[in-house]
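Containing mmCIF, C-alpha atoms (C1' of nucleotides): upload.cif.
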```
data_data
loop_
_atom_site.label_atom_id
_atom_site.label_comp_id
_atom_site.auth_asym_id
_atom_site.auth_seq_id
_atom_site.Cartn_x
_atom_site.Cartn_y
_atom_site.Cartn_z
CA MET A 17 0.00 0.00 0.00
CA ASP A 18 1.45 3.36 -0.98
CA ALA A 19 1.98 6.19 1.46
CA ALA A 20 -0.96 8.32 0.28
CA THR A 21 -3.38 5.44 0.73
CA THR A 22 -2.04 4.61 4.17
CA HIS A 23 -2.39 8.25 5.15
CA PHE A 24 -5.97 8.27 3.94
CA THR A 25 -6.99 5.04 5.65
CA ASP A 26 -5.41 6.10 8.93
CA ARG A 27 -7.22 9.42 8.76
CA MET A 28 -10.50 7.64 8.15
CA GLY A 29 -9.76 5.47 11.16
CA LEU A 30 -9.40 8.56 13.32
CA LEU A 31 -12.56 10.14 11.94
CA PHE A 32 -14.55 6.97 12.55
CA GLU A 33 -13.14 6.77 16.04
CA ALA A 34 -14.35 10.32 16.72
CA GLU A 35 -17.81 9.19 15.65
CA GLY A 36 -17.79 6.35 18.15
CA GLN A 37 -16.90 3.56 15.75
CA PRO A 38 -13.90 1.21 15.81
CA PRO A 39 -10.85 2.64 14.04
CA ILE A 40 -10.46 -0.47 11.93
CA ALA A 41 -13.93 0.04 10.52
CA GLY A 42 -12.83 3.44 9.27
CA ARG A 43 -9.66 2.07 7.78
CA ILE A 44 -11.57 -0.65 5.96
CA PHE A 45 -13.98 1.92 4.63
CA GLY A 46 -11.12 4.17 3.55
CA TYR A 47 -9.32 1.38 1.78
CA LEU A 48 -12.41 0.29 -0.11
CA MET A 49 -13.15 3.90 -0.96
CA VAL A 50 -9.93 4.08 -2.97
CA SER A 51 -10.11 0.51 -4.29
CA ASP A 52 -11.21 -0.11 -7.81
CA ASP A 53 -12.47 -3.64 -7.26
CA PRO A 54 -14.17 -5.30 -4.31
CA ARG A 55 -11.73 -6.79 -1.80
CA SER A 56 -11.74 -10.06 0.07
CA LEU A 57 -11.28 -10.33 3.82
CA ASP A 58 -7.77 -11.65 3.31
CA GLN A 59 -6.86 -8.78 1.04
CA LEU A 60 -8.19 -6.29 3.56
CA ALA A 61 -6.37 -7.96 6.45
CA GLU A 62 -3.09 -7.93 4.59
CA ALA A 63 -3.41 -4.42 3.18
CA LEU A 64 -4.30 -2.93 6.56
CA ASP A 65 -2.06 -5.29 8.53
CA VAL A 66 -4.74 -6.36 10.98
CA SER A 67 -6.16 -9.70 12.02
CA LYS A 68 -8.76 -11.40 9.87
CA ALA A 69 -11.02 -11.56 12.90
CA SER A 70 -11.20 -7.79 13.09
CA VAL A 71 -11.77 -7.45 9.40
CA SER A 72 -14.56 -9.98 9.48
CA THR A 73 -16.32 -8.34 12.40
CA ASN A 74 -15.94 -4.76 11.26
CA ALA A 75 -16.72 -5.35 7.61
CA ARG A 76 -19.94 -7.09 8.56
CA ARG A 77 -20.73 -4.28 10.92
CA LEU A 78 -20.32 -1.74 8.14
CA ALA A 79 -22.38 -3.85 5.79
CA ASP A 80 -25.17 -3.97 8.38
CA GLN A 81 -25.06 -0.20 8.53
CA GLY A 82 -25.34 -0.03 4.77
CA VAL A 83 -21.94 1.57 4.35
CA LEU A 84 -20.49 -1.47 2.58
CA GLU A 85 -21.94 -4.08 0.32
CA ARG A 86 -21.08 -7.74 0.38
CA VAL A 87 -20.31 -8.95 -3.12
CA CYS A 88 -20.54 -12.62 -4.03
CA ARG A 89 -18.81 -13.98 -7.09
CA PRO A 90 -19.86 -17.22 -8.73
CA ALA A 91 -17.56 -20.19 -8.15
CA ASP A 92 -15.68 -18.28 -5.47
CA ARG A 93 -16.04 -18.93 -1.79
CA HIS A 94 -14.54 -15.63 -0.75
CA ASP A 95 -16.59 -12.77 0.61
CA TYR A 96 -15.86 -9.53 -1.13
CA TYR A 97 -16.71 -6.09 0.12
CA ALA A 98 -17.10 -2.77 -1.64
CA VAL A 99 -18.46 0.63 -0.68
CA ALA A 100 -22.21 0.75 -1.18
CA PRO A 101 -23.17 2.35 -4.49
CA ASP A 102 -25.78 4.51 -2.76
CA LEU A 103 -23.38 5.29 0.06
CA PHE A 104 -24.45 8.86 0.43
CA SER A 105 -28.15 8.33 0.94
CA ARG A 106 -27.36 5.41 3.25
CA THR A 107 -25.18 7.65 5.35
CA MET A 108 -27.96 10.20 5.57
CA GLU A 109 -30.45 7.53 6.54
CA GLY A 110 -28.14 6.40 9.30
CA ARG A 111 -27.74 9.93 10.58
CA LEU A 112 -31.48 10.49 10.63
CA ARG A 113 -31.92 7.22 12.47
CA ARG A 114 -29.46 8.31 15.13
CA TRP A 115 -31.22 11.63 15.55
CA GLN A 116 -34.48 9.78 15.78
CA ARG A 117 -33.25 8.02 18.92
CA PHE A 118 -32.69 11.40 20.52
CA THR A 119 -36.10 12.56 19.45
CA GLU A 120 -37.76 9.45 20.82
CA ALA A 121 -36.08 10.06 24.17
CA VAL A 122 -37.23 13.67 24.12
CA GLY A 123 -40.78 12.61 23.29
CA GLU A 124 -40.84 10.10 26.10
CA ALA A 125 -39.56 12.74 28.49
CA ARG A 126 -42.24 15.17 27.41
CA ARG A 127 -44.90 12.53 28.08
CA THR A 128 -43.57 11.15 31.36
CA LEU A 129 -42.04 14.07 33.24
CA PRO A 130 -44.06 14.72 36.38
CA THR A 131 -44.20 18.51 36.47
CA PRO A 132 -42.59 20.11 33.44
CA SER A 133 -42.71 23.87 33.33
CA GLU A 134 -44.19 25.63 30.36
CA ARG A 135 -40.74 26.58 29.16
CA VAL A 136 -39.45 23.02 29.36
CA ARG A 137 -42.48 21.63 27.60
CA GLY A 138 -42.07 24.18 24.84
CA ARG A 139 -38.38 23.38 24.53
CA LEU A 140 -38.97 19.66 24.18
CA ARG A 141 -41.81 20.13 21.77
CA GLY A 142 -39.69 22.57 19.78
CA TYR A 143 -36.94 20.01 19.47
CA GLU A 144 -39.35 17.38 18.22
CA THR A 145 -40.82 19.75 15.68
CA ALA A 146 -37.42 20.83 14.46
CA TYR A 147 -36.38 17.22 14.04
CA ALA A 148 -39.47 16.40 12.01
CA TYR A 149 -38.82 19.45 9.88
CA MET A 150 -35.25 18.36 9.27
CA VAL A 151 -36.22 14.83 8.36
CA ASP A 152 -38.45 16.21 5.64
CA ALA A 153 -35.90 18.71 4.38
CA ILE A 154 -33.00 16.26 4.30
CA GLY A 155 -35.12 13.49 2.82
CA ALA A 156 -36.21 15.82 0.04
CA ALA A 157 -32.65 16.99 -0.55
CA VAL A 158 -31.38 13.42 -0.77
CA ASP A 159 -34.12 12.59 -3.25
CA ARG A 160 -33.21 15.57 -5.39
CA TRP A 161 -29.57 14.59 -5.20
CA GLU A 162 -30.20 11.00 -6.14
CA ARG A 163 -32.30 12.07 -9.09
CA ARG A 164 -29.59 14.43 -10.23
CA ALA A 165 -26.64 12.09 -9.69
CA ARG A 166 -28.30 8.90 -10.92
CA PRO A 167 -31.02 9.88 -13.33
CA GLY A 168 -33.16 6.96 -14.39
CA ARG A 169 -32.16 4.66 -11.50
CA ARG A 170 -34.68 2.85 -9.37
CA MET B 165 -34.38 13.88 40.98
CA ASP B 166 -37.47 11.95 39.99
CA ALA B 167 -37.40 8.62 38.19
CA ALA B 168 -38.49 9.97 34.80
CA THR B 169 -35.73 12.57 34.80
CA THR B 170 -33.13 10.01 35.83
CA HIS B 171 -34.28 7.72 33.07
CA PHE B 172 -34.02 10.54 30.56
CA THR B 173 -30.57 11.71 31.64
CA ASP B 174 -29.20 8.17 31.62
CA ARG B 175 -30.59 7.62 28.16
CA MET B 176 -28.95 10.80 26.97
CA GLY B 177 -25.71 9.57 28.48
CA LEU B 178 -25.93 6.40 26.42
CA LEU B 179 -26.78 8.28 23.24
CA PHE B 180 -23.87 10.67 23.72
CA GLU B 181 -21.60 7.73 24.37
CA ALA B 182 -22.67 6.18 21.07
CA GLU B 183 -21.68 9.44 19.40
CA GLY B 184 -18.22 9.30 20.89
CA GLN B 185 -18.76 11.75 23.73
CA PRO B 186 -18.40 11.18 27.47
CA PRO B 187 -21.58 9.84 29.07
CA ILE B 188 -21.56 12.56 31.70
CA ALA B 189 -21.73 15.18 28.98
CA GLY B 190 -24.96 13.59 27.79
CA ARG B 191 -26.40 13.44 31.27
CA ILE B 192 -25.59 17.10 31.85
CA PHE B 193 -27.25 17.99 28.58
CA GLY B 194 -30.29 15.88 29.42
CA TYR B 195 -30.67 17.41 32.83
CA LEU B 196 -30.44 20.95 31.51
CA MET B 197 -32.87 20.05 28.75
CA VAL B 198 -35.58 19.38 31.33
CA SER B 199 -34.52 22.16 33.70
CA ASP B 200 -36.48 25.34 33.81
CA ASP B 201 -33.66 27.55 35.05
CA PRO B 202 -29.92 27.52 34.44
CA ARG B 203 -28.02 25.30 36.87
CA SER B 204 -24.76 25.82 38.68
CA LEU B 205 -21.92 23.32 38.66
CA ASP B 206 -22.76 22.32 42.21
CA GLN B 207 -26.39 21.75 41.36
CA LEU B 208 -25.42 19.60 38.40
CA ALA B 209 -22.90 17.60 40.41
CA GLU B 210 -25.42 16.89 43.12
CA ALA B 211 -28.35 16.15 40.81
CA LEU B 212 -26.32 13.72 38.68
CA ASP B 213 -24.25 12.42 41.60
CA VAL B 214 -20.90 12.96 39.93
CA SER B 215 -17.77 14.84 40.90
CA LYS B 216 -17.58 18.57 40.39
CA ALA B 217 -14.43 18.04 38.35
CA SER B 218 -16.32 16.05 35.74
CA VAL B 219 -19.12 18.56 35.63
CA SER B 220 -16.71 21.43 35.16
CA THR B 221 -14.82 19.72 32.36
CA ASN B 222 -17.79 18.36 30.49
CA ALA B 223 -19.98 21.43 30.81
CA ARG B 224 -17.22 23.58 29.39
CA ARG B 225 -16.71 21.09 26.62
CA LEU B 226 -20.38 21.29 25.71
CA ALA B 227 -20.31 25.07 25.88
CA ASP B 228 -17.35 25.08 23.50
CA GLN B 229 -19.37 22.97 21.11
CA GLY B 230 -22.23 25.44 21.33
CA VAL B 231 -24.58 22.92 22.91
CA LEU B 232 -24.71 24.76 26.23
CA GLU B 233 -24.49 28.41 27.16
CA ARG B 234 -22.69 29.78 30.17
CA VAL B 235 -24.94 32.16 32.03
CA CYS B 236 -23.53 34.78 34.37
CA ARG B 237 -25.67 36.43 37.00
CA PRO B 238 -24.77 39.78 38.54
CA ALA B 239 -23.43 39.63 42.07
CA ASP B 240 -23.11 35.86 41.89
CA ARG B 241 -19.81 34.10 41.52
CA HIS B 242 -21.36 30.85 40.35
CA ASP B 243 -21.22 29.68 36.76
CA TYR B 244 -24.60 28.68 35.45
CA TYR B 245 -25.27 26.58 32.41
CA ALA B 246 -28.32 26.21 30.21
CA VAL B 247 -29.05 24.62 26.84
CA ALA B 248 -28.22 27.00 24.03
CA PRO B 249 -31.30 28.83 22.74
CA ASP B 250 -30.31 28.11 19.15
CA LEU B 251 -29.42 24.53 20.02
CA PHE B 252 -30.79 23.07 16.85
CA SER B 253 -28.87 25.16 14.37
CA ARG B 254 -25.75 24.74 16.48
CA THR B 255 -26.16 20.99 16.32
CA MET B 256 -26.51 21.13 12.57
CA GLU B 257 -23.44 23.31 12.25
CA GLY B 258 -21.47 20.82 14.27
CA ARG B 259 -22.66 17.96 12.12
CA LEU B 260 -21.70 19.77 8.93
CA ARG B 261 -18.30 20.51 10.40
CA ARG B 262 -17.76 16.84 11.14
CA TRP B 263 -18.76 15.85 7.64
CA GLN B 264 -16.45 18.50 6.31
CA ARG B 265 -13.50 16.70 7.88
CA PHE B 266 -14.41 13.58 5.91
CA THR B 267 -14.73 15.60 2.75
CA GLU B 268 -11.38 17.26 3.28
CA ALA B 269 -9.76 13.85 3.65
CA VAL B 270 -11.49 12.65 0.50
CA GLY B 271 -10.32 15.71 -1.39
CA GLU B 272 -6.76 15.22 -0.26
CA ALA B 273 -6.90 11.60 -1.34
CA ARG B 274 -8.20 12.54 -4.74
CA ARG B 275 -5.32 14.96 -5.16
CA THR B 276 -2.52 12.81 -3.78
CA LEU B 277 -3.30 9.23 -4.77
CA PRO B 278 -0.63 7.98 -7.17
CA THR B 279 -2.71 6.03 -9.68
CA PRO B 280 -6.42 6.28 -9.03
CA SER B 281 -8.62 4.48 -11.50
CA GLU B 282 -11.35 6.32 -13.31
CA ARG B 283 -13.97 4.67 -11.11
CA VAL B 284 -12.20 5.66 -7.91
CA ARG B 285 -11.70 9.22 -9.07
CA GLY B 286 -15.36 9.47 -9.97
CA ARG B 287 -16.36 8.01 -6.62
CA LEU B 288 -14.28 10.49 -4.65
CA ARG B 289 -15.40 13.41 -6.74
CA GLY B 290 -19.00 12.26 -6.39
CA TYR B 291 -18.68 12.21 -2.63
CA GLU B 292 -17.30 15.73 -2.58
CA THR B 293 -20.05 17.00 -4.83
CA ALA B 294 -22.73 15.32 -2.76
CA TYR B 295 -21.33 16.85 0.39
CA ALA B 296 -21.32 20.33 -1.11
CA TYR B 297 -24.89 19.78 -2.24
CA MET B 298 -25.91 18.70 1.24
CA VAL B 299 -24.26 21.67 2.93
CA ASP B 300 -26.35 23.98 0.80
CA ALA B 301 -29.56 22.05 1.31
CA ILE B 302 -29.20 21.71 5.06
CA GLY B 303 -28.03 25.28 5.47
CA ALA B 304 -31.08 26.51 3.61
CA ALA B 305 -33.38 24.25 5.62
CA VAL B 306 -31.93 25.50 8.90
CA ASP B 307 -32.42 29.07 7.76
CA ARG B 308 -36.04 28.41 6.87
CA TRP B 309 -36.56 26.69 10.19
CA GLU B 310 -35.00 29.51 12.16
CA ARG B 311 -37.14 32.05 10.36
CA ARG B 312 -40.23 30.00 11.06
CA ALA B 313 -39.50 29.17 14.68
CA ARG B 314 -38.10 32.54 15.69
CA PRO B 315 -39.65 35.10 13.40
CA GLY B 316 -38.23 38.55 13.85
CA ARG B 317 -34.93 37.43 15.34
CA ARG B 318 -32.13 39.25 13.61
"C1'" DC C 106 -13.91 -39.88 4.18
"C1'" DC C 107 -10.34 -36.83 4.73
"C1'" DG C 108 -7.90 -32.41 4.00
"C1'" DC C 109 -8.30 -27.81 3.13
"C1'" DA C 110 -9.89 -23.12 2.83
"C1'" DC C 111 -13.11 -19.85 4.45
"C1'" DG C 112 -15.70 -17.01 7.74
"C1'" DT C 113 -17.13 -16.64 12.41
"C1'" DT C 114 -16.85 -16.65 17.39
"C1'" DC C 115 -14.78 -16.09 21.86
"C1'" DA C 116 -11.77 -15.48 25.95
"C1'" DG C 117 -8.02 -12.66 27.18
"C1'" DG C 118 -4.64 -9.02 26.96
"C1'" DC C 119 -4.13 -4.44 26.22
"C1'" DT C 120 -4.63 0.43 25.24
"C1'" DG C 121 -7.03 4.50 25.66
"C1'" DT C 122 -10.14 7.35 28.10
"C1'" DA C 123 -13.65 8.77 31.57
"C1'" DT C 124 -13.96 9.80 36.21
"C1'" DT C 125 -12.39 11.06 40.66
"C1'" DG C 126 -10.13 13.15 44.89
"C1'" DA C 127 -6.92 16.42 45.96
"C1'" DA C 128 -4.19 20.30 45.16
"C1'" DC C 129 -4.08 24.88 43.04
"C1'" DG C 130 -5.12 29.78 41.60
"C1'" DG C 131 -8.01 33.62 41.80
"C1'" DA C 132 -11.44 36.65 43.42
"C1'" DT C 133 -14.33 38.36 46.93
"C1'" DG C 134 -15.55 40.21 51.42
"C1'" DA C 135 -14.53 40.89 56.24
"C1'" DT D 43 -4.22 40.18 55.29
"C1'" DC D 44 -6.72 36.32 56.01
"C1'" DA D 45 -10.53 33.09 55.28
"C1'" DT D 46 -13.72 31.39 52.19
"C1'" DC D 47 -15.74 30.01 48.08
"C1'" DC D 48 -15.45 29.31 43.45
"C1'" DG D 49 -13.78 26.84 39.06
"C1'" DT D 50 -9.96 24.50 37.11
"C1'" DT D 51 -6.17 21.26 36.66
"C1'" DC D 52 -3.69 17.01 37.44
"C1'" DA D 53 -2.12 12.37 38.75
"C1'" DA D 54 -4.04 8.08 39.64
"C1'" DT D 55 -7.49 4.72 39.21
"C1'" DA D 56 -11.21 2.18 37.17
"C1'" DC D 57 -13.41 0.88 33.32
"C1'" DA D 58 -14.82 -0.06 28.70
"C1'" DG D 59 -13.90 -1.46 24.18
"C1'" DC D 60 -10.82 -2.88 20.56
"C1'" DC D 61 -7.95 -6.12 18.75
"C1'" DT D 62 -5.94 -10.61 18.47
"C1'" DG D 63 -4.76 -15.64 18.30
"C1'" DA D 64 -6.77 -19.84 18.57
"C1'" DA D 65 -10.57 -22.83 18.30
"C1'" DC D 66 -14.81 -23.95 15.86
"C1'" DG D 67 -18.29 -24.91 12.15
"C1'" DT D 68 -19.05 -25.41 7.37
"C1'" DG D 69 -18.77 -26.55 2.65
"C1'" DC D 70 -15.99 -27.85 -1.14
"C1'" DG D 71 -12.67 -30.86 -3.70
"C1'" DG D 72 -9.97 -34.95 -4.04
#
```
Please express the file's structure as structure tokens.
Amino acid sequence: MDAATTHFTDRMGLLFEAEGQPPIAGRIFGYLMVSDDPRSLDQLAEALDVSKASVSTNARRLADQGVLERVCRPADRHDYYAVAPDLFSRTMEGRLRRWQRFTEAVGEARRTLPTPSERVRGRLRGYETAYAYMVDAIGAAVDRWERRARPGRR
Amino acid sequence: MDAATTHFTDRMGLLFEAEGQPPIAGRIFGYLMVSDDPRSLDQLAEALDVSKASVSTNARRLADQGVLERVCRPADRHDYYAVAPDLFSRTMEGRLRRWQRFTEAVGEARRTLPTPSERVRGRLRGYETAYAYMVDAIGAAVDRWERRARPGRR
DNA sequence: CCGCACGTTCAGGCTGTATTGAACGGATGA
DNA sequence: TCATCCGTTCAATACAGCCTGAACGTGCGG
């Protein structure tokens, strides 16, 4: 692996770490981002110099999140991974899902708090409304983007 | 602190943890979210049953991020904290900033990789374009939201 | 039926970080 | 000037999670 690629994968590892994900997951993602073809677990383990166990776990994790796609080739027992073709909208979906968890907690609080003041109730309700507004706006923007970047798909 | 509030603050702690932030930061945020008035460091430490050192560090951290606001009262040496009034747009700004780091790394990769294939180059460029598109869309949505939620402000 | 090549799982070591108690600096008021 | 009350900083500890090597299950080929 050349120096520029190593630099990029390491940086992705740090960025993923800052988002609460394992560093290796970020490095896998980074490596596949700059890979032309899908890569097998062995290729990933060797390129990144990490154990196959980690690669297996983290690659599957990323695939579950929709960041990667598992590619199967006929007459080949290897699992190959590649960045998801609709990576961007998947990422946005994931972000909205994470925000939704916050909003659910806020909604539960608004419903179960014993004696919320008017200000607190308004604050919580305001957060929920803003979230709903954002879901619409971002969803619409992603749709527009997808239509622009991949006209005719679906 | 009543059970519903404790439940909410703990949940916020877990959600913050999943985002790569200290749990106590989330609990502070949660507690201030359902607090009518600004709270002092001592109040926070007692309510959440944590050391004042942690409260000091994490509250300042959140204030730096724009999530909280430090409130000063005349003739009172205490520091008070409250959720930022423009919490939502601050949160969005922070999210865009984090995405920007990814995009910067992608841009650097596109410029420094020794022999990127056409597919890889297109992928990286596509990511950068999508990010720029999203910054615009989200920025515009936040503006619309701010104008709707706080008409007349500035 | 055996050998091999995969991917997965799991206990254990290890590193990084959150949290704490204690010490510190600064400002205020007597 | 001293005593007190803040908030901050720091070394030390506890803890959580990542990563790994080895063992396991599975399916294919000989």
Name the residues in contact with DG69 (chain D) at a cut-off of 10 Å, using only C-alpha atoms (C1' of nucleotides), excluding same-chain residues fewer than 6 positions from it; report them as an mmCIF file with C-alpha atoms (C1' of nucleotides), in the frame of the given file.
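Full text of selection35.cif as output:
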```cif
data_model
loop_
_atom_site.group_PDB
_atom_site.id
_atom_site.type_symbol
_atom_site.label_atom_id
_atom_site.label_comp_id
_atom_site.auth_asym_id
_atom_site.auth_seq_id
_atom_site.Cartn_x
_atom_site.Cartn_y
_atom_site.Cartn_z
ATOM 1 C CA ARG A 93 -16.040 -18.930 -1.790
ATOM 2 C "C1'" DA C 110 -9.890 -23.120 2.830
ATOM 3 C "C1'" DC C 111 -13.110 -19.850 4.450
#
```
Give me the chain C side of the contact with chain A, cut-off 12 Å, one line per residue showing its nearest atom pair and distance in Å at one decimal, counting all atoms listed in the file, sorted by chain and residue number, as JSON lines.
```
{"residue": "C:DA110", "atom": "C1'", "partner": "A:Arg93", "partner_atom": "CA", "distance": 8.8}
{"residue": "C:DC111", "atom": "C1'", "partner": "A:His94", "partner_atom": "CA", "distance": 6.8}
{"residue": "C:DG112", "atom": "C1'", "partner": "A:Ser72", "partner_atom": "CA", "distance": 7.3}
{"residue": "C:DT113", "atom": "C1'", "partner": "A:Ser72", "partner_atom": "CA", "distance": 7.7}
{"residue": "C:DT114", "atom": "C1'", "partner": "A:Ala69", "partner_atom": "CA", "distance": 8.9}
{"residue": "C:DC115", "atom": "C1'", "partner": "A:Ala69", "partner_atom": "CA", "distance": 10.7}
{"residue": "C:DG121", "atom": "C1'", "partner": "A:Glu33", "partner_atom": "CA", "distance": 11.6}
```
Q: For DC60 (chain D), list every protein, DNA or RNA residue within 12 Å, evaluated using all atoms listed in the file, and leave out those in the same chain fewer than 6 positions away; present the list as a PyMOL selection string.
A: (chain A and resi 33+36-41+66-67+69-70+73-74) or (chain C and resi 118-121)
(Q) I'd like the neighbourhood of Arg259 (chain B) as a PyMOL selection string, where a residue qualifies if any of its atoms comes within 12 Å (using only C-alpha atoms (C1' of nucleotides)), though same-chain residues fewer than 6 positions away should be ignored. (A) (chain A and resi 35+108+111-112+115) or (chain B and resi 183+229-230+252-253+265-266+295+298-299+302-303)
Q: Find the residues of chain D in contact range of chain B, meaning any atom within 10 Å when counting all atoms listed in the file, and list them as a list of chain:residue names.
A: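 Here is what falls inside 10 Å: D:DC47, D:DC48, D:DG49, D:DT50, D:DT51.
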Q.
I need the output of the PyMOL selection byres ((chain A) within 6 of (chain B)) for this file as a ChimeraX atom specification; which residues are they?
A. /A:20,34-36,50,52,129,136
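Each of B:Ala227, B:Cys236, B:Ala296, B:Leu212 was compared to Glu268 (chain B) using all atoms listed in the file, and B:Ala296 turns out to be the nearest.
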Q | Computed interatomic separation between CA of Asp174 (chain B) and CA of Gly190 (chain B) (Å) | A | 7.9 Å
Q. Expanded to explicit residues, what is the PyMOL selection byres ((chain C and resi 108) around 9) for this file, as a VMD selection string?
A. (chain C and resid 107 109) or (chain D and resid 72)
Q: Provide the C1' of DT46 (chain D) to CA of Glu210 (chain B) distance in Å, to one decimal place.
A: 20.7 Å
Q: Go ahead and compute the interatomic distance for C1' of DC52 (chain D) and CA of Arg224 (chain B), in Å to one decimal.
A: 17.1 Å
Q: Identify, on the basis of all atoms listed in the file, every residue whose closest approach to DA54 (chain D) does not exceed 12 Å; exclude the query and any residue fewer than 5 positions from it along the same chain; express the result as a list in words.
A: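 My reading of the contact set: DT124, DT125, DG126 and DA127 of chain C.
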Q) For the point (-11.7, 4.9, 31.6) in file coordinates, what residues are within 6 Å, counting all atoms listed in the file? Give the answer as a ChimeraX atom specification? A) /C:122-123 /D:57
